[in-house]
Structures are given as C-alpha cells and as structure tokens.
file my_file-v2.txt (compact mmCIF, C-alpha atoms and all ligand atoms)
# COMPACT_ATOMS: atom_id res chain seq x y z
CA MET I 1 122.50 65.43 34.31
CA ALA I 2 122.36 65.01 30.55
CA GLU I 3 120.52 61.97 29.29
CA SER I 4 121.60 59.98 26.29
CA SER I 5 119.53 58.86 23.36
CA ARG I 6 120.08 56.57 20.41
CA ARG I 7 119.84 58.22 17.00
CA GLU I 8 118.57 56.42 13.92
CA LYS I 9 122.06 56.01 12.49
CA GLY I 10 123.18 54.32 15.74
CA ALA I 11 125.35 57.09 17.15
CA GLU I 12 125.00 57.83 20.87
CA VAL I 13 124.51 61.58 21.42
CA GLU I 14 123.97 63.65 24.54
CA VAL I 15 120.57 65.31 24.89
CA PRO I 16 121.40 68.95 25.59
CA LYS I 17 119.70 70.96 28.32
CA ILE I 18 117.24 73.42 26.74
CA VAL I 19 116.28 76.52 28.72
CA TRP I 20 113.13 78.63 28.31
CA ASN I 21 114.12 82.30 28.04
CA GLU I 22 110.70 83.88 28.56
CA ARG I 23 111.93 87.50 28.41
CA GLN I 24 113.53 87.04 24.98
CA GLN I 25 110.86 84.59 23.79
CA LYS I 26 113.33 81.83 23.05
CA PHE I 27 114.14 78.24 23.86
CA GLU I 28 117.92 77.97 23.88
CA THR I 29 120.90 75.88 24.88
CA GLU I 30 122.62 76.89 28.11
CA ASP I 31 125.41 78.56 26.10
CA LYS I 32 122.68 80.41 24.10
CA GLU I 33 124.38 79.48 20.81
CA ALA I 34 121.45 77.44 19.51
CA TYR I 35 117.94 78.77 19.86
CA LEU I 36 114.33 78.71 18.70
CA GLN I 37 112.64 82.12 18.57
CA TYR I 38 108.90 82.66 18.85
CA VAL I 39 106.34 85.48 18.89
CA MET I 40 103.11 85.24 20.88
CA ARG I 41 99.96 86.01 18.87
CA LYS I 42 96.17 86.00 19.30
CA ASP I 43 96.10 87.38 22.86
CA GLY I 44 98.90 85.09 23.97
CA LYS I 45 97.15 81.88 22.96
CA VAL I 46 99.31 81.09 19.93
CA MET I 47 103.07 80.57 19.77
CA ASP I 48 104.40 81.50 16.33
CA ILE I 49 107.82 79.85 15.88
CA VAL I 50 109.58 82.29 13.57
CA HIS I 51 113.20 81.13 13.58
CA THR I 52 115.43 78.25 14.58
CA PHE I 53 119.21 78.54 14.60
CA VAL I 54 122.00 76.04 15.30
CA PRO I 55 125.69 76.96 14.85
CA ARG I 56 127.20 75.38 11.74
CA SER I 57 129.58 73.18 13.79
CA LYS I 58 126.64 71.55 15.64
CA ARG I 59 124.23 70.95 12.75
CA GLY I 60 122.88 67.57 11.74
CA LEU I 61 122.87 66.16 15.30
CA GLY I 62 119.22 66.77 16.06
CA LEU I 63 119.75 69.89 18.14
CA ALA I 64 117.03 71.85 16.31
CA SER I 65 114.71 68.90 16.88
CA HIS I 66 115.40 69.06 20.65
CA LEU I 67 114.62 72.79 20.61
CA CYS I 68 111.32 72.06 18.86
CA VAL I 69 110.38 69.32 21.32
CA SER I 70 110.95 71.77 24.20
CA ALA I 71 108.83 74.45 22.51
CA PHE I 72 106.01 72.07 21.54
CA THR I 73 106.01 70.45 25.00
CA HIS I 74 105.77 73.91 26.56
CA ALA I 75 102.96 74.90 24.17
CA LYS I 76 100.99 71.74 24.90
CA SER I 77 101.34 72.05 28.66
CA HIS I 78 100.24 75.70 28.54
CA THR I 79 97.28 74.93 26.20
CA LEU I 80 98.80 76.98 23.38
CA SER I 81 98.75 76.18 19.69
CA VAL I 82 101.77 76.62 17.41
CA ILE I 83 102.21 78.36 14.05
CA PRO I 84 105.18 76.76 12.24
CA THR I 85 106.45 79.83 10.37
CA CYS I 86 110.06 78.61 10.51
CA SER I 87 110.69 76.27 7.57
CA TYR I 88 112.67 73.84 9.72
CA VAL I 89 109.54 73.32 11.84
CA SER I 90 107.06 73.07 8.94
CA ASP I 91 109.22 71.16 6.44
CA THR I 92 111.41 68.95 8.62
CA PHE I 93 110.36 68.69 12.28
CA LEU I 94 106.61 68.20 11.81
CA PRO I 95 106.84 65.70 8.91
CA ARG I 96 109.33 63.67 10.97
CA ASN I 97 107.34 63.99 14.21
CA PRO I 98 103.69 64.00 13.05
CA SER I 99 102.29 63.42 16.55
CA TRP I 100 102.98 67.12 17.24
CA ASN I 101 100.54 68.14 14.47
CA SER I 102 97.83 68.02 17.14
CA VAL I 103 99.37 71.18 18.65
CA VAL I 104 99.54 73.10 15.33
CA HIS I 105 97.22 76.08 14.99
CA SER I 106 94.51 75.28 12.47
CA ASP I 107 93.44 78.71 11.09
CA ASP I 108 96.55 79.97 9.36
CA LEU I 109 99.47 77.59 9.23
CA LYS I 110 102.06 80.32 8.64
CA SER I 111 102.24 83.94 9.71
CA ASN I 112 103.08 86.65 7.19
CA ILE I 113 106.46 87.53 8.61
N1 LIG T 1 114.39 74.28 6.44
C1 LIG T 1 113.92 73.03 6.64
N2 LIG T 1 114.71 71.99 6.97
C2 LIG T 1 116.04 72.22 7.07
C3 LIG T 1 116.59 73.50 6.88
C4 LIG T 1 115.71 74.56 6.55
N3 LIG T 1 116.14 75.82 6.34
N4 LIG T 1 117.93 73.42 7.06
C5 LIG T 1 118.21 72.13 7.35
N5 LIG T 1 117.07 71.40 7.36
C6 LIG T 1 116.94 69.98 7.62
C7 LIG T 1 117.99 69.20 6.85
O1 LIG T 1 117.37 68.68 5.72
C8 LIG T 1 118.45 68.11 7.82
O2 LIG T 1 118.03 66.87 7.31
P1 LIG T 1 118.93 65.54 7.44
O3 LIG T 1 118.79 65.10 8.87
O4 LIG T 1 118.31 64.59 6.50
O5 LIG T 1 120.32 65.96 7.09
C9 LIG T 1 117.71 68.38 9.13
O6 LIG T 1 117.19 69.74 9.01
C10 LIG T 1 118.62 68.28 10.33
O7 LIG T 1 117.82 68.25 11.50
P2 LIG T 1 118.43 68.67 12.90
O8 LIG T 1 119.73 67.97 13.11
O9 LIG T 1 117.36 68.49 13.92
O10 LIG T 1 118.68 70.22 12.67
P3 LIG T 1 120.00 71.07 13.03
O11 LIG T 1 120.31 70.97 14.47
O12 LIG T 1 121.07 70.74 12.06
O13 LIG T 1 119.47 72.57 12.73
C11 LIG T 1 118.72 74.39 11.34
C12 LIG T 1 118.70 72.86 11.56
C13 LIG T 1 117.78 74.71 10.16
C14 LIG T 1 118.21 75.10 12.59
C15 LIG T 1 120.18 74.83 11.03
O14 LIG T 1 120.61 74.24 9.81
C16 LIG T 1 120.33 76.36 10.91
O15 LIG T 1 120.51 77.05 11.91
N6 LIG T 1 120.26 76.89 9.67
C17 LIG T 1 120.38 78.34 9.45
C18 LIG T 1 119.12 79.07 9.89
C19 LIG T 1 117.87 78.55 9.20
O16 LIG T 1 117.84 78.36 7.99
N7 LIG T 1 116.81 78.28 10.01
C20 LIG T 1 115.56 77.69 9.51
C21 LIG T 1 114.62 78.71 8.97
S1 LIG T 1 113.98 79.79 10.26

call {"tool": "encode", "arguments": {"input": "my_file-v2.txt", "output": "structure tokens"}}
result
Amino acid sequence: MAESSRREKGAEVEVPKIVWNERQQKFETEDKEAYLQYVMRKDGKVMDIVHTFVPRSKRGLGLASHLCVSAFTHAKSHTLSVIPTCSYVSDTFLPRNPSWNSVVHSDDLKSNI
C-alpha cells in the first residue's frame, strides 16, 4: 500500500512504489516511466548514477528524489559507494539531503561519461 508524506509546501502526495530492475541496472516506478539508471564500476563496489528521468507531467513532485532514496538505500545496505554523475543527484538531491554524502564515493566524484 502506498504511504503518504507531507511535502514542504504542505501538499499531501503519495509515495510511489520504486522497483529495483537489476537486469537493466535501474530503479524505476512500476509503470517504468520514471527511472534512475546506474552503471556498476570498480569490480561492482561502486554504483555510478548516470541518469535520472521523470516524465514532464510528473516533474516537481519529488519523484526523482524518491528514486534517489531507493538507490542510495540500496547502495548503503549493500556496502556500495555512489558516484553522482547525474546532475540531478550532484546538484539537487545531495545538497538537499546531505546525510547521504556519507555514501558518496570519495576518489572521483564524477565519472567521465
Ligand atoms: N539537474 C539538477 N537539478 C535539476 C535538473 C537537472 N538537470 N532538472 C531539475 N532539477 C531540479 C529543479 O531545480 C527542481 O527544483 P525545485 O524543487 O526547486 O523546483 C528539482 O530538481 C525537482 O526535484 P524533484 O521533484 O525531486 O525532481 P523531478 O521528479 O521533477 O525530476 C529530473 C527531476 C531532473 C529527473 C527531471 O526534470 C527530468 O527527467 N529531466 C530531464 C532529464 C534530466 O535532465 N536528468 C538529469 C540529468 S541526468
């Protein structure tokens, strides 16, 4: 069952179910329309988040943030570190959720792709 959460501006929004698609290296909504794409690096110890996408009609509701929380939670529980190549992750998600910086890979903050 979907939970509800209270956003900063006071609107009540449903927290969508996010599914791990291991084969395609994605975290995605059940309808697959919104997703976060990653590439595993350094012998499978580092999750490089290369792209986040939310359909135009669903933007601004925190959906990309939910995708990131799923990916970072997964990384933490599997003792992986994260490279925030996607600009949404590096420029928006991490500054707004600094507690997740503890999971960020420390050598090279962005990959070259
Ligand atoms: N880079 C960094 N931050 C971005 C961004 C980008 N390319 N596009 C939007 N944002 C920020 C906005 O400033 C917005 O801030 P606001 O809340 O003050 O309006 C914030 O993301 C919205 O956060 P959230 O609601 O969690 O994100 P979303 O569900 O609207 O999805 C994207 C954000 C970036 C995934 C979505 O706009 C998208 O799919 N864009 C096209 C693909 C893309 O540019 N992906 C990112 C680079 S890989």

call {"tool": "closest_residue", "arguments": {"input": "my_file-v2.txt", "among": "I:Arg41, I:Lys58, I:His78, I:His105", "to": "ligand LIG 1 (chain T)", "atoms": "only C-alpha atoms and all ligand atoms"}}
result
I:Lys58

call {"tool": "atom_distance", "arguments": {"input": "my_file-v2.txt", "atom1": "atom P2 of ligand LIG 1 (chain T)", "atom2": "CA of Ser99 in chain I"}}
result
17.4 Å

call {"tool": "residues_near_ligand", "arguments": {"input": "my_file-v2.txt", "ligand": "ligand LIG 1 (chain T)", "cutoff": "7 Å", "atoms": "all atoms listed in the file", "output": "PDB file with C-alpha atoms, in the coordinates of the input"}}
result
ATOM      1  CA  VAL I  50     109.580  82.290  13.570  1.00  0.00           C
ATOM      2  CA  HIS I  51     113.200  81.130  13.580  1.00  0.00           C
ATOM      3  CA  THR I  52     115.430  78.250  14.580  1.00  0.00           C
ATOM      4  CA  PHE I  53     119.210  78.540  14.600  1.00  0.00           C
ATOM      5  CA  VAL I  54     122.000  76.040  15.300  1.00  0.00           C
ATOM      6  CA  PRO I  55     125.690  76.960  14.850  1.00  0.00           C
ATOM      7  CA  ARG I  56     127.200  75.380  11.740  1.00  0.00           C
ATOM      8  CA  LYS I  58     126.640  71.550  15.640  1.00  0.00           C
ATOM      9  CA  ARG I  59     124.230  70.950  12.750  1.00  0.00           C
ATOM     10  CA  GLY I  60     122.880  67.570  11.740  1.00  0.00           C
ATOM     11  CA  LEU I  61     122.870  66.160  15.300  1.00  0.00           C
ATOM     12  CA  GLY I  62     119.220  66.770  16.060  1.00  0.00           C
ATOM     13  CA  LEU I  63     119.750  69.890  18.140  1.00  0.00           C
ATOM     14  CA  ALA I  64     117.030  71.850  16.310  1.00  0.00           C
ATOM     15  CA  SER I  65     114.710  68.900  16.880  1.00  0.00           C
ATOM     16  CA  CYS I  86     110.060  78.610  10.510  1.00  0.00           C
ATOM     17  CA  SER I  87     110.690  76.270   7.570  1.00  0.00           C
ATOM     18  CA  TYR I  88     112.670  73.840   9.720  1.00  0.00           C
ATOM     19  CA  VAL I  89     109.540  73.320  11.840  1.00  0.00           C
ATOM     20  CA  ASP I  91     109.220  71.160   6.440  1.00  0.00           C
ATOM     21  CA  THR I  92     111.410  68.950   8.620  1.00  0.00           C
TER      22      THR I  92
END

call {"tool": "atom_distance", "arguments": {"input": "my_file-v2.txt", "atom1": "CA of His66 in chain I", "atom2": "CA of Asp43 in chain I"}}
result
26.7 Å

call {"tool": "atom_distance", "arguments": {"input": "my_file-v2.txt", "atom1": "CA of Lys45 in chain I", "atom2": "CA of Thr29 in chain I"}}
result
24.6 Å

call {"tool": "residues_around", "arguments": {"input": "my_file-v2.txt", "residues": "Glu22 in chain I", "least_positions_apart": "4", "cutoff": "10 Å", "atoms": "all atoms listed in the file", "output": "PDB file with C-alpha atoms, in the coordinates of the input"}}
result
ATOM      1  CA  LYS I  26     113.330  81.830  23.050  1.00  0.00           C
ATOM      2  CA  PHE I  27     114.140  78.240  23.860  1.00  0.00           C
ATOM      3  CA  TYR I  38     108.900  82.660  18.850  1.00  0.00           C
TER       4      TYR I  38
END

call {"tool": "closest_residue", "arguments": {"input": "my_file-v2.txt", "among": "I:Ala34, I:Val19, I:Leu67, I:Val46", "to": "Ile83 in chain I", "atoms": "only C-alpha atoms"}}
result
I:Val46

call {"tool": "closest_residue", "arguments": {"input": "my_file-v2.txt", "among": "I:Val69, I:Gln24, I:Leu80, I:Arg96", "to": "Lys42 in chain I", "atoms": "only C-alpha atoms"}}
result
I:Leu80

call {"tool": "closest_residue", "arguments": {"input": "my_file-v2.txt", "among": "I:Tyr35, I:Glu14, I:Val104, I:Glu30", "to": "Thr73 in chain I", "atoms": "only C-alpha atoms"}}
result
I:Val104
